[in-house]
Amino acid sequence: MDILAGLRGYPHFSHTTGMRPTHLQPTVDSRHADIHTEQRNRRGCAHNFSHRTTPMSIILTNFAHKSRLASQGHNHYRNFMIRSLHIEHYALIDQLDINLQPGFSVLTGETGAGKSIILGAINLLLGGRADHSAIRAGERRCVIEAEFDTSGMDLSDFFTTADLDYDGQLCILRRELTAGGKSRAFINDTPVSLSTIKQLGDQLIDIHSQHQSLLLAAANYQLATIDAIGQTQAALETYTQLYNHYTDACRQLEEARRDYESAVNEEDYLRFQSEQIGDAQLHPDEQAELEAEQQVLSHAEEIKNALYTAASALTTDNDNSALSLVRQAENAIKSIAAHHQPSSAMATRIESCRIELQDIYEEITSQADSLDFDPRRQTYVDERLATIYTLQKKHHCTSIDELLTLKAELDRRLAAIDQSDEHLTQLEAARDDAYDHLMAQAEIISAMRHKTKTQIEATTTDMLKALGMPHATFNIVMGRLPEPGNRGVDTATFLFSANKNIPPQPLSQTASGGEMSRVMLAIKAQTAGARQLPTIILDEIDTGVSGNIADKMATIMADMAQGGRQVISITHLPQIAARATEHYKVYKTDELFQTTTHITHLSTEERIDEIAHMLSGATITQAARSNAAELLRTN
């Protein structure tokens, strides 16, 4: 159709005519049930992977490889969808089970019936923030589980990296919250971290919330939209790694400069400390030797008197001395050795004692003769030890070894100061090299964005004209940051004008609610085509439109669902509801003590009643039913 001419010419957006998808059976077939059971019986733990710094050459090589893969443009979303959804004890939901179909589906229901609750449950399943107050009153836990048909997409790399079981056919995600505050996530019944299930969820479903329409006016979201449509992900991943290299180089240089400035400020003091320890000319064993010598010098007279007393007691000059008496005992025993055999051994032993006593006497005499009190030596020893003790106290050391270690560290720091100019030059060169690589990659991304910008402008303008705004103008103004940021050097501002001869203004300042909805749908259609999203959930993206425009929006949604993609729209508009291939109604019932939300898949007759209700309000007239039937028949 003409309304989609721009999209069909846009890269990666496909439009094929297909048969109305047949219904899945209300229960999973036996083959899938077996797989489901097997997956639930597996147990394991997911690994957490930390960021590792990669050499720059490898970063650039990986980028080239990813770019080649991206350029191949494979269609990964065919036969890839949510098959079933189970919600238990979440908010107003007691237990909800629904089988979902490929193609274009709608969810309708009164305001407050619980459509946003179902969407909130899906967000929680995909790694959203846990709110334990959402557990149904009186229940101990809530469970959200979805089964995905993944036969049309190769997720083996993800599952291998995460160390998870995967059969290539089905994937089951589950999230559990307990009233006690615990939150658990599972992929194929294996416990995983929240970041892991979120990473997988981003590949399974894209959810457009009403909040996203507000975000469309935000600068960061606008740039991210260009990147999504332009498929710059591989280039951005490489840029992120180069940006981390650059920021690390800047940090290292800044730290080195701070260290240098700090070291220069204390250089004189460091040099004084080093010279003070060096001037002392310390030796490792010196302190122990000096302390021993000090003990001798301090008690020299006492030691000398004791040595002479001991020598006098051992001397042979006195018949009553120890040596004289031992010699007498030796001679007496030897005199009977010829007649008394044991005496020979005893005489030998006494002789050994005498010889030992003689050696001791000679050593005592030598020590006594050599010991002379030297006041000058004592003064030197005392002063030398005082110097050592002063240095130890000043530097909080307990030994000369520690003082020598401190001096070595002081000398190292002084050498670093002397060599700091060369070191800073090297760090500056590394920073500049990282900057050059970063900016080269930023220019690659910038060129991709500018090319994508032109395509988005043309496609969006054409779609807005087809959506009832014949004079609409959509422009993107690209700016440039003064310094590279974490997403490059570009800024983007979406400009919009709905009227002839009115210059485009920032989208946030000019677009009404209905106009914003149409711009959002045009952007989302392009994003879906570029990212090859398998499942898209649109939450009231039709806000602010009606009549013929709603019908045209429905045409775009239906076309987005061609080729195997699953598109689910939450809507209040009968034109959109009538265009869907599958229709689900969300409603609530008031029971004795609480209100409960339900969902049901509508038959053709039930769809007529629901669309008639959307057309005429609470009272369904025959005219409304006829109009509803005509809408369904036309679509």
# chains A, B, ... in the order shown; residues from 1 in each chain; ligands from 1
$ residues_around --residues "segment 269-274 of chain A" --least-positions-apart "3" --cutoff "10 Å" --atoms "only C-alpha atoms" --output "ChimeraX atom specification"
/A:263-266,277-279,391,394-395,403-404,406-411,413-414
$ residues_around --residues "segment 95-108 of chain A" --least-positions-apart "2" --cutoff "7 Å" --atoms "only C-alpha atoms" --output "ChimeraX atom specification"
/A:21,23-24,26,81-89,93,558,561-562,564-572,577,580-586,598
$ select_by_dssp --residues "segment 424-588 of chain A" --states "helix (DSSP H, G or I)" --output "ChimeraX atom specification"
/A:424-466,507-510,513-531,547-560,562-564,574-579
$ select_by_dssp --residues "segment 100-298 of chain A" --states "strand (DSSP E)" --output "NGL selection string"
:A and (103-108 or 141-149 or 170-178 or 183-187 or 190-192 or 205-208)
$ atom_distance --atom1 "atom CA of Ala434 of chain A" --atom2 "atom CA of Tyr246 of chain A"
5.0 Å
$ closest_residue --among "A:Pro484, A:Pro503, A:Gly514, A:Pro574" --to "Met469 of chain A" --atoms "only C-alpha atoms"
A:Gly514
